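Source file: protein-v3.pdb. Holds: PDB, C-alpha atoms (C1' of nucleotides).
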```pdb
ATOM      1  CA  MET A   1     213.245 211.291 159.730  1.00  0.00           C
ATOM      2  CA  ARG A   2     213.424 207.582 160.594  1.00  0.00           C
ATOM      3  CA  SER A   3     212.283 204.850 158.292  1.00  0.00           C
ATOM      4  CA  SER A   4     208.836 204.120 159.627  1.00  0.00           C
ATOM      5  CA  ILE A   5     205.826 202.492 158.135  1.00  0.00           C
ATOM      6  CA  ARG A   6     203.095 205.021 157.573  1.00  0.00           C
ATOM      7  CA  ARG A   7     200.830 204.977 160.575  1.00  0.00           C
ATOM      8  CA  SER A   8     197.870 205.461 158.317  1.00  0.00           C
ATOM      9  CA  MET A   9     198.455 202.239 156.433  1.00  0.00           C
ATOM     10  CA  PRO A  10     195.339 200.034 156.498  1.00  0.00           C
ATOM     11  CA  LEU A  11     196.223 196.935 158.481  1.00  0.00           C
ATOM     12  CA  PHE A  12     193.762 195.443 160.934  1.00  0.00           C
ATOM     13  CA  PRO A  13     190.230 194.089 160.574  1.00  0.00           C
ATOM     14  CA  ILE A  14     187.620 195.165 163.106  1.00  0.00           C
ATOM     15  CA  GLY A  15     187.962 191.997 165.133  1.00  0.00           C
ATOM     16  CA  THR A  16     191.562 192.799 165.921  1.00  0.00           C
ATOM     17  CA  VAL A  17     190.756 196.382 166.758  1.00  0.00           C
ATOM     18  CA  MET A  18     188.056 195.209 169.126  1.00  0.00           C
ATOM     19  CA  LYS A  19     190.555 193.153 171.090  1.00  0.00           C
ATOM     20  CA  LEU A  20     193.174 195.876 171.026  1.00  0.00           C
ATOM     21  CA  THR A  21     190.925 198.694 172.179  1.00  0.00           C
ATOM     22  CA  ASP A  22     188.414 196.648 174.120  1.00  0.00           C
ATOM     23  CA  LEU A  23     185.630 198.499 172.315  1.00  0.00           C
ATOM     24  CA  SER A  24     182.621 196.776 170.725  1.00  0.00           C
ATOM     25  CA  ALA A  25     182.167 196.620 166.963  1.00  0.00           C
ATOM     26  CA  ARG A  26     179.056 198.727 167.511  1.00  0.00           C
ATOM     27  CA  GLN A  27     181.059 201.448 169.190  1.00  0.00           C
ATOM     28  CA  ILE A  28     183.848 201.377 166.647  1.00  0.00           C
ATOM     29  CA  ARG A  29     181.405 201.698 163.757  1.00  0.00           C
ATOM     30  CA  TYR A  30     179.521 204.394 165.612  1.00  0.00           C
ATOM     31  CA  TYR A  31     182.676 206.470 166.035  1.00  0.00           C
ATOM     32  CA  GLU A  32     183.360 206.045 162.373  1.00  0.00           C
ATOM     33  CA  GLU A  33     179.929 207.454 161.576  1.00  0.00           C
ATOM     34  CA  HIS A  34     180.915 210.455 163.631  1.00  0.00           C
ATOM     35  CA  GLN A  35     184.075 210.957 161.596  1.00  0.00           C
ATOM     36  CA  LEU A  36     186.337 210.186 164.535  1.00  0.00           C
ATOM     37  CA  ILE A  37     188.156 207.529 162.529  1.00  0.00           C
ATOM     38  CA  HIS A  38     188.377 206.805 158.820  1.00  0.00           C
ATOM     39  CA  PRO A  39     189.221 203.159 158.255  1.00  0.00           C
ATOM     40  CA  GLN A  40     189.628 202.170 154.639  1.00  0.00           C
ATOM     41  CA  ARG A  41     187.680 199.335 153.032  1.00  0.00           C
ATOM     42  CA  THR A  42     188.746 196.234 151.236  1.00  0.00           C
ATOM     43  CA  GLU A  43     187.207 195.195 147.948  1.00  0.00           C
ATOM     44  CA  GLY A  44     184.814 193.148 149.995  1.00  0.00           C
ATOM     45  CA  ASN A  45     183.720 196.216 151.970  1.00  0.00           C
ATOM     46  CA  ARG A  46     185.591 195.093 155.082  1.00  0.00           C
ATOM     47  CA  ARG A  47     187.066 197.858 157.218  1.00  0.00           C
ATOM     48  CA  LEU A  48     190.831 198.013 157.621  1.00  0.00           C
ATOM     49  CA  PHE A  49     192.082 200.153 160.487  1.00  0.00           C
ATOM     50  CA  SER A  50     195.431 201.909 160.645  1.00  0.00           C
ATOM     51  CA  LEU A  51     197.573 202.538 163.694  1.00  0.00           C
ATOM     52  CA  ASN A  52     196.283 206.099 163.627  1.00  0.00           C
ATOM     53  CA  ASP A  53     192.732 204.833 163.786  1.00  0.00           C
ATOM     54  CA  ILE A  54     193.608 202.725 166.792  1.00  0.00           C
ATOM     55  CA  ASP A  55     195.343 205.648 168.499  1.00  0.00           C
ATOM     56  CA  ARG A  56     192.233 207.686 167.951  1.00  0.00           C
ATOM     57  CA  LEU A  57     190.028 204.958 169.324  1.00  0.00           C
ATOM     58  CA  PHE A  58     192.043 204.932 172.539  1.00  0.00           C
ATOM     59  CA  GLU A  59     191.695 208.682 172.790  1.00  0.00           C
ATOM     60  CA  VAL A  60     187.959 208.426 172.301  1.00  0.00           C
ATOM     61  CA  LYS A  61     187.777 205.757 174.947  1.00  0.00           C
ATOM     62  CA  ASP A  62     189.715 207.883 177.434  1.00  0.00           C
ATOM     63  CA  LEU A  63     187.552 210.919 176.748  1.00  0.00           C
ATOM     64  CA  LEU A  64     184.454 208.793 177.191  1.00  0.00           C
ATOM     65  CA  ASP A  65     185.721 207.584 180.556  1.00  0.00           C
ATOM     66  CA  GLU A  66     186.123 211.203 181.529  1.00  0.00           C
ATOM     67  CA  GLY A  67     182.443 211.658 180.919  1.00  0.00           C
ATOM     68  CA  ILE A  68     182.683 213.578 177.670  1.00  0.00           C
ATOM     69  CA  ASN A  69     179.916 213.033 175.099  1.00  0.00           C
ATOM     70  CA  MET A  70     180.162 212.562 171.326  1.00  0.00           C
ATOM     71  CA  ALA A  71     179.656 216.252 170.704  1.00  0.00           C
ATOM     72  CA  GLY A  72     182.545 217.137 172.957  1.00  0.00           C
ATOM     73  CA  ILE A  73     184.774 214.418 171.633  1.00  0.00           C
ATOM     74  CA  LYS A  74     184.088 215.437 168.088  1.00  0.00           C
ATOM     75  CA  LYS A  75     184.911 219.035 168.803  1.00  0.00           C
ATOM     76  CA  LEU A  76     188.186 218.054 170.398  1.00  0.00           C
ATOM     77  CA  LEU A  77     189.341 215.354 168.035  1.00  0.00           C
ATOM     78  CA  LEU A  78     187.856 216.646 164.816  1.00  0.00           C
ATOM     79  CA  GLU A  79     190.142 219.685 164.838  1.00  0.00           C
ATOM     80  CA  GLU A  80     193.230 217.572 165.267  1.00  0.00           C
ATOM     81  CA  GLY A  81     191.629 215.209 162.825  1.00  0.00           C
ATOM     82  CA  LYS A  82     192.431 217.493 159.968  1.00  0.00           C
ATOM     83  CA  THR A  83     196.042 216.632 160.609  1.00  0.00           C
ATOM     84  CA  VAL A  84     195.622 212.930 161.228  1.00  0.00           C
ATOM     85  CA  VAL A  85     193.219 212.175 158.431  1.00  0.00           C
ATOM     86  CA  HIS A  86     195.667 213.312 155.808  1.00  0.00           C
ATOM     87  CA  SER A  87     198.794 212.120 157.513  1.00  0.00           C
ATOM     88  CA  ASP A  88     200.126 209.620 155.057  1.00  0.00           C
ATOM     89  CA  LEU A  89     203.559 211.179 155.089  1.00  0.00           C
ATOM     90  CA  LYS A  90     203.658 213.077 158.348  1.00  0.00           C
ATOM     91  CA  ASP A  91     201.427 213.044 161.365  1.00  0.00           C
ATOM     92  CA  GLU A  92     203.437 213.368 164.525  1.00  0.00           C
ATOM     93  CA  GLU A  93     204.986 216.716 163.713  1.00  0.00           C
ATOM     94  CA  GLY A  94     203.929 219.281 166.231  1.00  0.00           C
ATOM     95  CA  LYS A  95     201.692 216.926 168.105  1.00  0.00           C
ATOM     96  CA  GLY A  96     204.220 215.776 170.630  1.00  0.00           C
ATOM     97  CA  LYS A  97     203.237 212.178 170.020  1.00  0.00           C
ATOM     98  CA  LYS A  98     205.874 209.518 169.658  1.00  0.00           C
ATOM     99  CA  ASP A  99     206.057 207.448 166.521  1.00  0.00           C
ATOM    100  CA  PHE A 100     206.382 203.691 166.361  1.00  0.00           C
ATOM    101  CA  THR A 101     209.708 202.341 165.274  1.00  0.00           C
ATOM    102  CA  ASP A 102     209.757 199.849 162.470  1.00  0.00           C
ATOM    103  CA  GLU A 103     210.562 197.154 164.948  1.00  0.00           C
ATOM    104  CA  GLU A 104     207.570 197.965 167.102  1.00  0.00           C
ATOM    105  CA  VAL A 105     205.274 197.896 164.114  1.00  0.00           C
ATOM    106  CA  ARG A 106     206.719 194.641 162.853  1.00  0.00           C
ATOM    107  CA  LYS A 107     206.269 193.183 166.286  1.00  0.00           C
ATOM    108  CA  LEU A 108     202.577 194.053 166.215  1.00  0.00           C
ATOM    109  CA  LEU A 109     202.135 192.790 162.699  1.00  0.00           C
ATOM    110  CA  ARG A 110     203.895 189.540 163.478  1.00  0.00           C
ATOM    111  CA  LYS A 111     201.576 188.948 166.380  1.00  0.00           C
ATOM    112  CA  GLU A 112     198.641 189.544 164.087  1.00  0.00           C
ATOM    113  CA  LEU A 113     199.889 187.109 161.493  1.00  0.00           C
ATOM    114  CA  ILE A 114     200.568 184.484 164.121  1.00  0.00           C
ATOM    115  CA  ASN A 115     197.091 184.753 165.560  1.00  0.00           C
ATOM    116  CA  ALA A 116     195.404 185.131 162.202  1.00  0.00           C
ATOM    117  CA  GLY A 117     195.592 181.487 161.330  1.00  0.00           C
ATOM    118  CA  ARG A 118     194.530 179.964 164.561  1.00  0.00           C
ATOM    119  CA  PHE A 119     191.398 179.366 166.515  1.00  0.00           C
ATOM    120  CA  GLN A 120     189.896 181.684 169.036  1.00  0.00           C
ATOM    121  CA  ARG A 121     192.161 182.878 171.764  1.00  0.00           C
ATOM    122  CA  PRO A 122     191.174 185.165 174.568  1.00  0.00           C
ATOM    123  CA  ASP A 123     193.843 187.815 174.853  1.00  0.00           C
ATOM    124  CA  SER A 124     193.504 190.405 177.551  1.00  0.00           C
ATOM    125  CA  SER A 125     197.019 191.741 177.826  1.00  0.00           C
ATOM    126  CA  PHE A 126     197.775 192.822 174.291  1.00  0.00           C
ATOM    127  CA  GLY A 127     195.550 195.829 174.488  1.00  0.00           C
ATOM    128  CA  GLU A 128     197.317 197.117 177.556  1.00  0.00           C
ATOM    129  CA  LYS A 129     200.735 196.410 176.128  1.00  0.00           C
ATOM    130  CA  PHE A 130     199.799 198.231 172.943  1.00  0.00           C
ATOM    131  CA  ARG A 131     198.519 201.112 174.944  1.00  0.00           C
ATOM    132  CA  LYS A 132     201.794 201.413 176.802  1.00  0.00           C
ATOM    133  CA  PHE A 133     203.487 202.636 173.642  1.00  0.00           C
ATOM    134  CA  HIS A 134     201.764 205.888 174.381  1.00  0.00           C
TER
ATOM    135  C1'  DA B   1     184.423 181.993 160.706  1.00  0.00           C
ATOM    136  C1'  DT B   2     184.050 187.213 160.103  1.00  0.00           C
ATOM    137  C1'  DT B   3     182.204 191.357 159.028  1.00  0.00           C
ATOM    138  C1'  DC B   4     178.527 194.333 156.928  1.00  0.00           C
ATOM    139  C1'  DT B   5     174.079 197.001 157.095  1.00  0.00           C
ATOM    140  C1'  DT B   6     169.708 197.823 158.975  1.00  0.00           C
ATOM    141  C1'  DA B   7     166.462 198.017 162.551  1.00  0.00           C
ATOM    142  C1'  DC B   8     164.247 197.652 167.257  1.00  0.00           C
ATOM    143  C1'  DA B   9     160.077 192.986 171.810  1.00  0.00           C
TER
ATOM    144  C1'  DT C   1     174.711 200.578 172.988  1.00  0.00           C
ATOM    145  C1'  DG C   2     173.352 195.731 172.552  1.00  0.00           C
ATOM    146  C1'  DT C   3     171.716 192.465 169.559  1.00  0.00           C
ATOM    147  C1'  DA C   4     169.085 189.907 165.991  1.00  0.00           C
ATOM    148  C1'  DA C   5     168.470 189.222 161.041  1.00  0.00           C
ATOM    149  C1'  DG C   6     170.049 188.198 156.440  1.00  0.00           C
ATOM    150  C1'  DG C   7     173.460 188.588 153.015  1.00  0.00           C
ATOM    151  C1'  DA C   8     178.478 188.625 151.321  1.00  0.00           C
TER
END
```
Represent the structure from my file as structure tokens, please.
Amino acid sequence: MRSSIRRSMPLFPIGTVMKLTDLSARQIRYYEEHQLIHPQRTEGNRRLFSLNDIDRLFEVKDLLDEGINMAGIKKLLLEEGKTVVHSDLKDEEGKGKKDFTDEEVRKLLRKELINAGRFQRPDSSFGEKFRKFH
DNA sequence: ATTCTTACA
DNA sequence: TGTAAGGA
């Protein structure tokens, strides 16, 4: 299939994920405890989230808005999780979910790099834009 | 400046 | 879930 960057590649620190998903660090870490996401760690023990982790976070957020509790969310996402967790080479097959094109990924990464070396900037639209890819 | 873990007036 | 504390 197309030449895409593996969606499970560790890329963003928790701060970025917070802005993207509009979830608190507390919530993100809590969902990790519940095996809903599996961010990797850097040598310094910092979490690095992949695009798959972020997708999952959005799903969790949606389910939460629908009034579903952790137990329910885990039951729903954990099954599918078996596919996502080990999806280094393939993860969209049979799930009906679109994959990011290299250009889309590069676009996101570029934005990250640009904002990485600058002060604090309140961004409220990126999360929605990102979400639109779904 | 950021993120991490632990714990709870 | 928020938030403070103390270290990396």
Who sits within 12 Å of B:DT6, all atoms listed in the file, same chain under 3 positions skipped, as a PyMOL selection string = chain C and resi 4-7
Starting from chain B, keep only residues with some atom at most 8 Å from an atom of chain A, counting all atoms listed in the file, and report them as a ChimeraX atom specification.
-> /B:2-4
Just how far from atom CA of A:Leu51 is atom CA of A:Pro10, in Å to one decimal?
-> 7.9 Å
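Interatomic distance, atom CA of A:Gln35 to atom CA of A:Phe49: 13.5 Å.
If you take only C-alpha atoms (C1' of nucleotides) and a cut-off of 12 Å, the residues of chain C that reach chain A are DT1, DG2, DT3 and DA8 of chain C.
If you look at atom CA of A:Ser8 and atom CA of A:Asn52, they are 5.6 Å away from each other.
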